[in-house]
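Source file: coords-v6.cif; contents: mmCIF, C-alpha atoms.
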data_start
loop_
_atom_site.label_atom_id
_atom_site.label_comp_id
_atom_site.auth_asym_id
_atom_site.auth_seq_id
_atom_site.Cartn_x
_atom_site.Cartn_y
_atom_site.Cartn_z
CA MET A 1 -30.22 90.15 70.02
CA ALA A 2 -32.95 88.67 72.16
CA GLY A 3 -36.35 88.51 70.46
CA LEU A 4 -39.66 90.01 71.48
CA SER A 5 -40.93 88.03 74.47
CA ILE A 6 -44.71 88.02 75.08
CA ARG A 7 -46.24 86.63 78.27
CA LYS A 8 -48.42 83.56 77.74
CA ASP A 9 -49.71 83.20 81.30
CA ILE A 10 -53.09 84.49 82.46
CA CYS A 11 -53.06 88.27 82.94
CA GLU A 12 -55.79 90.70 83.93
CA LEU A 13 -54.94 92.96 81.00
CA ASP A 14 -53.75 92.21 77.50
CA LEU A 15 -52.79 95.85 77.01
CA LEU A 16 -52.51 98.97 79.15
CA SER A 17 -52.18 102.37 77.47
CA LEU A 18 -50.91 105.56 79.07
CA GLY A 19 -52.03 108.82 77.47
CA ALA A 20 -54.48 111.71 77.37
CA LEU A 21 -58.13 111.48 76.39
CA VAL A 22 -59.45 114.19 74.07
CA HIS A 23 -62.69 114.97 72.29
CA ARG A 24 -62.49 115.76 68.58
CA LEU A 25 -65.03 118.08 66.97
CA ASP A 26 -65.69 116.99 63.39
CA PRO A 27 -67.79 119.14 61.00
CA GLY A 28 -67.35 116.56 58.23
CA ILE A 29 -66.31 117.98 54.88
CA ILE A 30 -67.22 121.54 55.93
CA PRO A 31 -64.28 123.78 56.98
CA PHE A 32 -64.64 125.00 60.56
CA ARG A 33 -65.01 128.64 59.51
CA LYS A 34 -68.24 127.66 57.73
CA ALA A 35 -69.44 124.94 60.11
CA ARG A 36 -72.88 124.95 61.72
CA SER A 37 -72.67 121.60 63.51
CA PHE A 38 -70.20 118.83 64.24
CA ASP A 39 -69.89 115.27 65.52
CA ILE A 40 -67.99 114.54 68.74
CA HIS A 41 -65.42 111.73 68.69
CA VAL A 42 -63.62 110.59 71.85
CA SER A 43 -60.02 109.95 70.99
CA GLY A 44 -56.35 110.03 71.96
CA GLY A 45 -53.49 108.37 70.11
CA GLU A 46 -52.73 106.05 73.01
CA TYR A 47 -56.36 105.43 73.99
CA ASN A 48 -57.38 104.51 70.43
CA VAL A 49 -55.18 101.42 70.47
CA ALA A 50 -56.77 100.16 73.71
CA ALA A 51 -60.28 100.95 72.42
CA ASN A 52 -59.71 99.16 69.10
CA LEU A 53 -58.30 96.06 70.78
CA ALA A 54 -61.26 95.87 73.17
CA ASP A 55 -64.11 96.68 70.79
CA CYS A 56 -63.02 94.87 67.62
CA PHE A 57 -60.78 92.11 68.91
CA GLY A 58 -62.36 91.37 72.30
CA MET A 59 -59.16 91.87 74.26
CA LYS A 60 -58.86 93.07 77.86
CA THR A 61 -57.49 96.61 77.86
CA ALA A 62 -57.21 99.67 80.09
CA ILE A 63 -56.21 103.32 79.86
CA ALA A 64 -54.27 105.20 82.55
CA THR A 65 -55.19 108.83 82.07
CA ALA A 66 -56.50 112.08 83.52
CA MET A 67 -60.21 112.64 84.03
CA VAL A 68 -62.03 115.86 84.93
CA ASN A 69 -65.22 116.00 86.96
CA TYR A 70 -67.45 118.08 84.64
CA PRO A 71 -69.98 117.37 81.86
CA ILE A 72 -67.43 116.84 79.08
CA GLY A 73 -65.71 114.38 81.38
CA GLU A 74 -68.99 112.52 81.80
CA LEU A 75 -69.41 112.36 78.01
CA VAL A 76 -65.89 110.98 77.57
CA GLN A 77 -66.31 108.43 80.38
CA GLY A 78 -69.44 107.11 78.69
CA ARG A 79 -67.64 106.56 75.38
CA VAL A 80 -64.76 104.81 77.16
CA ARG A 81 -67.22 102.44 78.80
CA GLU A 82 -68.96 101.79 75.46
CA MET A 83 -65.67 100.69 73.90
CA GLY A 84 -65.03 98.22 76.73
CA VAL A 85 -61.86 99.86 78.06
CA THR A 86 -61.16 99.73 81.80
CA PRO A 87 -60.44 103.26 83.08
CA ILE A 88 -57.62 104.03 85.53
CA TYR A 89 -58.24 107.71 86.23
CA LYS A 90 -56.28 110.41 88.02
CA TRP A 91 -59.12 112.77 88.93
CA PHE A 92 -59.16 116.56 88.61
CA GLU A 93 -61.90 118.98 89.68
CA HIS A 94 -63.08 121.62 87.21
CA ASP A 95 -63.32 125.14 88.67
CA GLY A 96 -66.40 125.98 86.60
CA VAL A 97 -64.57 128.59 84.52
CA ARG A 98 -61.04 127.77 83.37
CA GLY A 99 -60.54 124.08 84.01
CA PRO A 100 -58.59 121.88 84.15
CA ASN A 101 -60.05 120.64 80.87
CA LEU A 102 -60.10 117.65 78.61
CA ALA A 103 -58.43 118.84 75.42
CA THR A 104 -60.37 119.69 72.28
CA VAL A 105 -59.12 118.72 68.84
CA TYR A 106 -60.70 120.34 65.78
CA SER A 107 -60.45 118.45 62.50
CA ASP A 108 -62.50 118.66 59.34
CA ARG A 109 -62.23 115.77 56.87
CA GLY A 110 -61.31 117.75 53.77
CA HIS A 111 -62.37 116.35 50.42
CA GLY A 112 -60.64 115.57 47.14
CA VAL A 113 -57.83 118.08 46.52
CA ARG A 114 -58.59 119.81 49.87
CA GLY A 115 -56.77 118.13 52.72
CA PRO A 116 -58.01 117.87 56.32
CA VAL A 117 -57.06 120.73 58.67
CA VAL A 118 -56.26 119.89 62.32
CA PHE A 119 -55.79 122.37 65.18
CA TYR A 120 -56.03 122.15 68.96
CA ASN A 121 -57.13 123.71 72.19
CA ARG A 122 -55.01 122.02 74.82
CA ALA A 123 -54.96 124.99 77.22
CA ASN A 124 -55.04 124.02 80.90
CA GLU A 125 -55.31 120.35 79.93
CA ALA A 126 -55.61 117.86 82.77
CA GLY A 127 -53.58 115.27 80.87
CA ALA A 128 -50.65 117.70 80.67
CA MET A 129 -50.62 117.88 84.48
CA LEU A 130 -49.92 114.18 84.94
CA LYS A 131 -46.56 113.37 86.51
CA PRO A 132 -44.54 110.49 87.95
CA GLY A 133 -46.17 109.07 91.05
CA ASP A 134 -49.75 109.66 89.87
CA PHE A 135 -50.41 105.95 89.25
CA ASP A 136 -49.72 102.96 91.48
CA TRP A 137 -47.87 100.96 88.82
CA LYS A 138 -46.86 98.15 91.17
CA ALA A 139 -50.47 97.46 92.07
CA ILE A 140 -51.56 97.69 88.42
CA PHE A 141 -48.86 95.38 87.07
CA ALA A 142 -49.18 92.93 89.97
CA LYS A 143 -52.41 91.66 88.37
CA GLY A 144 -50.63 90.90 85.10
CA VAL A 145 -50.23 93.09 81.99
CA ARG A 146 -48.97 91.65 78.72
CA TRP A 147 -48.33 94.85 76.74
CA PHE A 148 -47.80 98.49 77.77
CA HIS A 149 -48.25 101.27 75.19
CA SER A 150 -47.79 105.03 75.04
CA GLY A 151 -46.88 107.63 72.45
CA GLY A 152 -45.37 110.88 71.29
CA ILE A 153 -48.55 112.92 71.53
CA PHE A 154 -48.73 112.35 75.28
CA ALA A 155 -44.98 112.95 75.63
CA SER A 156 -45.36 116.39 74.04
CA ILE A 157 -48.23 117.91 76.02
CA GLY A 158 -46.82 118.46 79.52
CA PRO A 159 -43.59 119.17 81.40
CA ASN A 160 -43.65 115.81 83.21
CA THR A 161 -45.55 113.48 80.87
CA ALA A 162 -42.40 112.06 79.25
CA ASP A 163 -41.00 111.24 82.69
CA LEU A 164 -44.29 109.53 83.54
CA ILE A 165 -43.97 107.43 80.37
CA ILE A 166 -40.43 106.43 81.33
CA GLU A 167 -41.61 105.55 84.85
CA GLY A 168 -44.43 103.41 83.46
CA MET A 169 -42.14 101.72 80.92
CA ALA A 170 -39.66 100.78 83.64
CA GLU A 171 -42.38 99.24 85.82
CA ALA A 172 -43.85 97.44 82.80
CA LYS A 173 -40.52 95.90 81.81
CA ALA A 174 -39.88 94.82 85.40
CA ALA A 175 -43.27 93.09 85.35
CA GLY A 176 -42.55 91.26 82.08
CA ALA A 177 -44.74 93.34 79.74
CA VAL A 178 -43.78 94.27 76.19
CA THR A 179 -43.32 98.04 75.95
CA SER A 180 -44.28 99.96 72.81
CA PHE A 181 -44.30 103.60 71.75
CA ASP A 182 -45.96 105.26 68.76
CA LEU A 183 -43.83 108.24 67.75
CA ASN A 184 -46.90 110.11 66.39
CA TYR A 185 -44.75 113.17 65.74
CA ARG A 186 -46.95 116.28 65.67
CA ALA A 187 -45.01 119.39 64.69
CA LYS A 188 -47.71 121.75 66.01
CA LEU A 189 -47.55 120.18 69.48
CA TRP A 190 -43.75 120.15 69.73
CA ALA A 191 -43.52 123.71 68.35
CA SER A 192 -45.34 124.97 71.44
CA VAL A 193 -42.82 123.41 73.86
CA GLY A 194 -39.45 123.95 72.20
CA GLY A 195 -39.70 122.64 68.66
CA GLU A 196 -38.05 119.75 66.87
CA ALA A 197 -34.84 119.80 68.94
CA LYS A 198 -36.81 119.46 72.19
CA GLY A 199 -38.96 116.73 70.68
CA GLN A 200 -35.93 114.69 69.67
CA GLN A 201 -34.33 115.11 73.09
CA VAL A 202 -37.45 113.83 74.83
CA ILE A 203 -38.32 111.06 72.38
CA ARG A 204 -34.79 109.64 72.18
CA LYS A 205 -34.75 109.28 75.97
CA ILE A 206 -37.99 107.29 75.84
CA VAL A 207 -37.03 105.14 72.84
CA GLY A 208 -33.83 104.04 74.54
CA ASN A 209 -35.94 102.11 77.07
CA LEU A 210 -38.53 100.12 75.12
CA ASP A 211 -39.12 97.06 72.91
CA ALA A 212 -41.38 98.12 70.05
CA LEU A 213 -41.65 101.26 67.95
CA ILE A 214 -44.47 102.41 65.69
CA GLY A 215 -43.79 105.28 63.31
CA ASN A 216 -43.63 106.27 59.68
CA GLU A 217 -40.61 107.65 57.85
CA GLU A 218 -41.31 111.25 58.89
CA ASP A 219 -41.84 110.19 62.53
CA LEU A 220 -38.48 108.41 62.61
CA GLN A 221 -36.57 111.26 60.99
CA LYS A 222 -38.17 114.18 62.85
CA GLY A 223 -38.78 112.38 66.13
CA LEU A 224 -35.38 110.72 66.41
CA GLY A 225 -33.22 112.99 64.23
CA ILE A 226 -32.04 110.09 62.09
CA LYS A 227 -31.51 111.01 58.46
CA GLY A 228 -33.22 108.76 55.96
CA PRO A 229 -31.62 107.41 52.80
CA ASP A 230 -31.87 109.42 49.60
CA VAL A 231 -34.91 108.33 47.62
CA GLU A 232 -34.34 107.65 43.94
CA ALA A 233 -36.36 109.76 41.55
CA GLY A 234 -39.46 107.97 40.35
CA LYS A 235 -39.56 105.48 43.23
CA SER A 236 -42.98 104.82 44.72
CA LYS A 237 -43.74 106.12 48.21
CA LEU A 238 -44.87 102.56 48.91
CA ASP A 239 -41.44 101.08 48.18
CA PRO A 240 -40.50 99.38 51.48
CA ASP A 241 -36.74 99.31 50.82
CA THR A 242 -36.30 102.96 51.75
CA PHE A 243 -38.11 102.46 55.04
CA PHE A 244 -36.18 99.30 55.90
CA GLN A 245 -32.91 101.15 55.29
CA LEU A 246 -34.07 103.78 57.78
CA ILE A 247 -35.08 101.09 60.28
CA GLU A 248 -31.58 99.58 60.11
CA LYS A 249 -30.17 102.96 61.14
CA VAL A 250 -32.66 103.19 64.00
CA VAL A 251 -31.95 99.76 65.47
CA LYS A 252 -28.20 100.26 65.11
CA GLU A 253 -28.51 103.35 67.30
CA PHE A 254 -31.14 101.78 69.60
CA PRO A 255 -30.26 98.06 69.86
CA ASN A 256 -32.98 97.58 72.49
CA ILE A 257 -35.63 97.89 69.74
CA LYS A 258 -36.96 94.50 68.63
CA LEU A 259 -39.94 95.64 66.53
CA VAL A 260 -40.60 98.54 64.18
CA GLY A 261 -43.84 98.76 62.23
CA THR A 262 -45.59 101.37 60.14
CA THR A 263 -48.11 102.07 57.42
CA LEU A 264 -47.09 103.30 53.97
CA ARG A 265 -49.41 105.70 52.15
CA ASP A 266 -49.35 107.21 48.71
CA VAL A 267 -51.93 110.00 48.93
CA HIS A 268 -53.48 110.78 45.54
CA SER A 269 -56.23 112.89 47.10
CA THR A 270 -57.88 113.23 50.50
CA ASN A 271 -60.20 110.35 49.65
CA ARG A 272 -57.98 108.09 47.53
CA HIS A 273 -54.88 106.49 49.03
CA ASP A 274 -52.71 103.52 48.17
CA TRP A 275 -52.12 101.66 51.43
CA ALA A 276 -49.51 99.17 52.62
CA ALA A 277 -47.61 98.34 55.81
CA VAL A 278 -44.23 96.96 56.81
CA LEU A 279 -42.86 95.19 59.87
CA TRP A 280 -39.30 94.72 61.07
CA LEU A 281 -39.30 92.07 63.82
CA ASN A 282 -36.27 90.47 65.44
CA GLY A 283 -34.12 91.37 62.43
CA LYS A 284 -36.51 90.05 59.76
CA ARG A 285 -38.54 92.03 57.24
CA TYR A 286 -42.22 91.61 56.37
CA VAL A 287 -44.31 93.51 53.80
CA SER A 288 -48.11 93.61 53.45
CA PRO A 289 -50.10 93.64 50.23
CA THR A 290 -51.03 97.02 48.74
CA CYS A 291 -54.64 98.14 48.32
CA GLU A 292 -56.51 101.21 47.14
CA LEU A 293 -58.48 103.01 49.84
CA ASP A 294 -61.56 105.16 49.37
CA VAL A 295 -61.09 107.16 52.55
CA LEU A 296 -64.01 108.52 54.55
CA ASP A 297 -62.01 109.73 57.59
CA ARG A 298 -58.26 109.15 57.76
CA ILE A 299 -57.86 110.13 61.44
CA GLY A 300 -56.93 107.06 63.51
CA GLY A 301 -55.79 104.82 60.64
CA GLY A 302 -52.31 104.46 62.11
CA ASP A 303 -53.74 103.52 65.51
CA GLY A 304 -55.92 100.98 63.71
CA PHE A 305 -52.80 99.45 62.21
CA ALA A 306 -51.02 99.35 65.57
CA SER A 307 -53.93 97.66 67.34
CA GLY A 308 -54.38 95.00 64.64
CA LEU A 309 -50.65 94.25 64.67
CA ILE A 310 -50.54 94.01 68.47
CA HIS A 311 -53.60 91.74 68.48
CA GLY A 312 -51.89 89.41 66.03
CA LEU A 313 -48.72 89.22 68.09
CA LEU A 314 -50.56 88.77 71.40
CA THR A 315 -52.61 85.90 69.97
CA GLY A 316 -49.57 84.03 68.64
CA ARG A 317 -50.02 84.72 64.93
CA SER A 318 -47.02 84.58 62.65
CA PRO A 319 -45.34 87.95 61.98
CA ASP A 320 -46.75 88.00 58.44
CA GLU A 321 -50.28 87.30 59.72
CA ALA A 322 -49.96 89.93 62.45
CA LEU A 323 -48.82 92.50 59.90
CA ARG A 324 -51.74 91.69 57.62
CA LEU A 325 -54.19 92.08 60.52
CA GLY A 326 -52.76 95.52 61.27
CA TRP A 327 -52.83 96.49 57.60
CA ALA A 328 -56.42 95.26 57.18
CA HIS A 329 -57.75 96.84 60.36
CA GLY A 330 -56.11 100.20 59.62
CA ALA A 331 -57.60 100.14 56.12
CA LEU A 332 -61.09 99.37 57.41
CA LEU A 333 -60.87 102.05 60.08
CA THR A 334 -60.52 104.75 57.41
CA THR A 335 -63.96 103.75 56.08
CA PHE A 336 -65.71 104.78 59.33
CA PRO A 337 -66.29 108.24 60.83
CA GLY A 338 -64.34 108.90 64.00
CA ASP A 339 -61.02 107.87 65.46
CA THR A 340 -61.81 104.40 66.81
CA THR A 341 -62.95 101.19 65.20
CA MET A 342 -66.39 100.13 64.05
CA ALA A 343 -65.05 96.96 62.42
CA ARG A 344 -65.79 93.40 63.49
CA ARG A 345 -62.99 90.92 63.93
CA ASP A 346 -64.35 88.63 61.19
CA GLU A 347 -64.30 91.56 58.74
CA VAL A 348 -60.66 92.21 59.57
CA GLU A 349 -59.74 88.54 59.23
CA THR A 350 -61.51 88.28 55.86
CA PHE A 351 -59.83 91.36 54.42
CA ALA A 352 -56.43 90.31 55.79
CA LYS A 353 -56.78 87.04 53.89
CA GLY A 354 -57.61 88.82 50.63
CA GLY A 355 -61.36 89.35 50.92
CA SER A 356 -63.19 91.87 48.76
CA ALA A 357 -65.85 94.54 49.20
CA ARG A 358 -68.56 92.42 47.56
CA VAL A 359 -71.92 92.49 49.30
CA GLN A 360 -72.23 90.06 52.20
CA ARG A 361 -75.50 88.04 51.88
#
Please lay out the structure from this file as structure tokens.
Amino acid sequence: MAGLSIRKDICELDLLSLGALVHRLDPGIIPFRKARSFDIHVSGGEYNVAANLADCFGMKTAIATAMVNYPIGELVQGRVREMGVTPIYKWFEHDGVRGPNLATVYSDRGHGVRGPVVFYNRANEAGAMLKPGDFDWKAIFAKGVRWFHSGGIFASIGPNTADLIIEGMAEAKAAGAVTSFDLNYRAKLWASVGGEAKGQQVIRKIVGNLDALIGNEEDLQKGLGIKGPDVEAGKSKLDPDTFFQLIEKVVKEFPNIKLVGTTLRDVHSTNRHDWAAVLWLNGKRYVSPTCELDVLDRIGGGDGFASGLIHGLLTGRSPDEALRLGWAHGALLTTFPGDTTMARRDEVETFAKGGSARVQR
């Protein structure tokens, strides 16, 4: 099996993501039914990776996405600019009443024994209207792109978004970019368009045409319909052997896959997690350290892992170092409010090497 091949020549973009931008309303620890105010976070599973790579790691990234000409669109555009991500927008005009809209995600943070609750308003969403032919991929990739990334959230929201992902992946591979996909299986989203069977049909078609896969055990089983091994009673949820056994089944069925990575969590409460990560790369296995997390906001931790891992691989780090960067960045991201990073690269590097939370003087 040929290994993961990353371009080393000069490219305009280190990473290009394809996905939908959303705004998340966050009332903190207050349930929405009792909320009086909320913070607004600009997010999107695919966008978060590009934003993290640009803001924390100083890499050149872009997002191909839908944008709506109305005040919420202006708010979102401003946040995209702040994070240093180059926008490639397909524009839509708002009719002043019904849309098209940029989707709204509602998510409180929960606390202690009370878990976070997430629900959506993705009605008449501009991102769901995207389709093949909406982006000039040849012109985009002609300037050089090293890595192309999309995910299962975007695949689930519209009748043609999965086909657009496949179109983009094909152009990316032809241009020499690594192609990656975060399964990000969301049962609520797939339930609205045909359920688990439809999700597996769509996702399997995409996964058969890419290089790298991000997804936890549930993502792999529900998104791809591959049964995991039986877990022995008393085994820790952080035991990597179970996940590696599942990965072996995945790559046997999809031999095009050269990389599979994920985080491992043992959730004791909303605010206390044990955290680790694993990487399967070119047939070899890598395991991160395990740490205890005091979680402020868990949304976006997986995207934090993906961006740190991708940064490590794009900058020529060893697989073990790249995994540790993903593990460290994902851990730090859970200590900030919002879906995207507020970490500095030196903080990530220090924690990846075994640094502590002692005061920095």
* Selection: 8 Å around Trp280 (chain A), all atoms listed in the file, excl. self and same-chain fewer than 6 positions, as a list in words -> Phe244, Ile247, Lys258, Leu259, Val260, Gly261 and Tyr286 of chain A
Exactly which residues make up the result of the PyMOL selection byres ((chain A and resi 353) around 10) on this file, given as a compact mmCIF listing (two decimals) with C-alpha atoms, keeping the file's coordinate frame?
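Contents of out-v9.txt, freshly written:
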# COMPACT_ATOMS: atom_id res chain seq x y z
CA GLU A 321 -50.28 87.30 59.72
CA ARG A 324 -51.74 91.69 57.62
CA LEU A 325 -54.19 92.08 60.52
CA ALA A 328 -56.42 95.26 57.18
CA VAL A 348 -60.66 92.21 59.57
CA GLU A 349 -59.74 88.54 59.23
CA THR A 350 -61.51 88.28 55.86
CA PHE A 351 -59.83 91.36 54.42
CA ALA A 352 -56.43 90.31 55.79
CA GLY A 354 -57.61 88.82 50.63
CA GLY A 355 -61.36 89.35 50.92
CA SER A 356 -63.19 91.87 48.76
Give me the box for region 277-293 of chain A as AutoDock Vina command-line options, namely the centre and edge lengths in Å to one decimal of a box along x, y and z that holds every listed atom plus 4 Å on each side.
--center_x -46.3 --center_y 96.5 --center_z 56.3 --size_x 32.4 --size_y 21.0 --size_z 26.3
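For region 178-182 of chain A, the set of protein, DNA and RNA residues having any atom at most 6 Å away, when counting only C-alpha atoms and skipping those fewer than 5 positions along the same chain, is Trp147, Phe148, His149, Ser150, Gly151, Leu210, Asp211, Ala212, Leu213, Ile214 and Gly215 of chain A.
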* To do: Taking the file as shown, find all residues satisfying the PyMOL selection byres ((chain A and resi 337) around 6) and write them as number ranges by chain.
  => A: 297, 336, 338
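Of the residues listed (A:Arg81, A:Arg317, A:Lys188, A:Lys222), A:Lys222 shows the shortest atom-to-atom separation from Ile203 (chain A); distances use all atoms listed in the file.
Of the listed residues (A:Asp339, A:His329, A:His273, A:Lys143), A:Asp339 comes nearest to Leu25 (chain A); the distances count all atoms listed in the file.
What the PyMOL selection byres ((chain A and resi 163) around 10) picks from this file is Leu130, Lys131, Pro132, Ala155, Gly158, Pro159, Asn160, Thr161, Ala162, Leu164, Ile165, Ile166, Glu167, Gly168, Met169, Val202, Lys205 and Ile206 of chain A.
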Requested write-out: C-alpha atoms of the selected residues, as a PDB file, in the frame of the given file:
ATOM      1  CA  LEU A 130     -49.920 114.180  84.940  1.00  0.00           C
ATOM      2  CA  LYS A 131     -46.560 113.370  86.510  1.00  0.00           C
ATOM      3  CA  PRO A 132     -44.540 110.490  87.950  1.00  0.00           C
ATOM      4  CA  ALA A 155     -44.980 112.950  75.630  1.00  0.00           C
ATOM      5  CA  GLY A 158     -46.820 118.460  79.520  1.00  0.00           C
ATOM      6  CA  PRO A 159     -43.590 119.170  81.400  1.00  0.00           C
ATOM      7  CA  ASN A 160     -43.650 115.810  83.210  1.00  0.00           C
ATOM      8  CA  THR A 161     -45.550 113.480  80.870  1.00  0.00           C
ATOM      9  CA  ALA A 162     -42.400 112.060  79.250  1.00  0.00           C
ATOM     10  CA  LEU A 164     -44.290 109.530  83.540  1.00  0.00           C
ATOM     11  CA  ILE A 165     -43.970 107.430  80.370  1.00  0.00           C
ATOM     12  CA  ILE A 166     -40.430 106.430  81.330  1.00  0.00           C
ATOM     13  CA  GLU A 167     -41.610 105.550  84.850  1.00  0.00           C
ATOM     14  CA  GLY A 168     -44.430 103.410  83.460  1.00  0.00           C
ATOM     15  CA  MET A 169     -42.140 101.720  80.920  1.00  0.00           C
ATOM     16  CA  VAL A 202     -37.450 113.830  74.830  1.00  0.00           C
ATOM     17  CA  LYS A 205     -34.750 109.280  75.970  1.00  0.00           C
ATOM     18  CA  ILE A 206     -37.990 107.290  75.840  1.00  0.00           C
TER      19      ILE A 206
END
* To do: Can you work out the spacing between CA of Leu309 (chain A) and CA of Ala322 (chain A) in Å, to one decimal?
  => 4.9 Å
* **Ala50 (chain A) surroundings by only C-alpha atoms, 12 Å radius, close-in-sequence under 4 positions cut, as a PyMOL selection string** => chain A and resi 13-19+21+43-46+54-64+80-81+83-87+147-150+303-304+306-308+310-311+340-341
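The two atoms in question, CA of Gly302 (chain A) and CA of Leu183 (chain A), are spaced 10.9 Å apart.
Here CA of Gly326 (chain A) stands at a distance of 12.5 Å from CA of Glu347 (chain A).
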* How would you write as a VMD selection string the residues that get within 10 Å of (-44.7, 93.9, 49.7) in the file's frame, counting all atoms listed in the file? -> chain A and resid 238 to 241 276 to 278 285 to 290
Show me the residues close to (-36.7, 110.8, 62.2) - anything with an atom within 10 Å, counting only C-alpha atoms - and format the list as a tab-separated table (two decimals) with C-alpha atoms, keeping the file's coordinate frame.
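selection-v1.tsv written:
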chain	number	residue	atom	x	y	z
A	183	LEU	CA	-43.83	108.24	67.75
A	185	TYR	CA	-44.75	113.17	65.74
A	200	GLN	CA	-35.93	114.69	69.67
A	215	GLY	CA	-43.79	105.28	63.31
A	216	ASN	CA	-43.63	106.27	59.68
A	217	GLU	CA	-40.61	107.65	57.85
A	218	GLU	CA	-41.31	111.25	58.89
A	219	ASP	CA	-41.84	110.19	62.53
A	220	LEU	CA	-38.48	108.41	62.61
A	221	GLN	CA	-36.57	111.26	60.99
A	222	LYS	CA	-38.17	114.18	62.85
A	223	GLY	CA	-38.78	112.38	66.13
A	224	LEU	CA	-35.38	110.72	66.41
A	225	GLY	CA	-33.22	112.99	64.23
A	226	ILE	CA	-32.04	110.09	62.09
A	227	LYS	CA	-31.51	111.01	58.46
A	228	GLY	CA	-33.22	108.76	55.96
A	246	LEU	CA	-34.07	103.78	57.78
A	250	VAL	CA	-32.66	103.19	64.00
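Minimum atom-to-atom distance to Val76 (chain A), evaluated using all atoms listed in the file, belongs to A:His23 out of A:Lys284, A:Arg345, A:Lys198, A:His23.
Using only C-alpha atoms, the contacts of Asp274 (chain A) at a cut-off of 9 Å, with sequence neighbours closer than 2 positions omitted, comprise Leu238, Leu264, Arg265, Asp266, Val267, His268, Arg272, Ala276, Thr290, Cys291, Glu292 and Leu293 of chain A.
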For C-alpha atoms, I'd like the residues from the last selection saved as a short mmCIF file (atom, residue, chain, number, x, y, z; two decimals), in the coordinates of the input.
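out.cif written:
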data_model
loop_
_atom_site.label_atom_id
_atom_site.label_comp_id
_atom_site.auth_asym_id
_atom_site.auth_seq_id
_atom_site.Cartn_x
_atom_site.Cartn_y
_atom_site.Cartn_z
CA LEU A 238 -44.87 102.56 48.91
CA LEU A 264 -47.09 103.30 53.97
CA ARG A 265 -49.41 105.70 52.15
CA ASP A 266 -49.35 107.21 48.71
CA VAL A 267 -51.93 110.00 48.93
CA HIS A 268 -53.48 110.78 45.54
CA ARG A 272 -57.98 108.09 47.53
CA ALA A 276 -49.51 99.17 52.62
CA THR A 290 -51.03 97.02 48.74
CA CYS A 291 -54.64 98.14 48.32
CA GLU A 292 -56.51 101.21 47.14
CA LEU A 293 -58.48 103.01 49.84
#
* Residue with smallest distance to Ala51 (chain A) - pool A:Arg79, A:Lys138, A:Arg36, A:Arg98, counting only C-alpha atoms -> A:Arg79
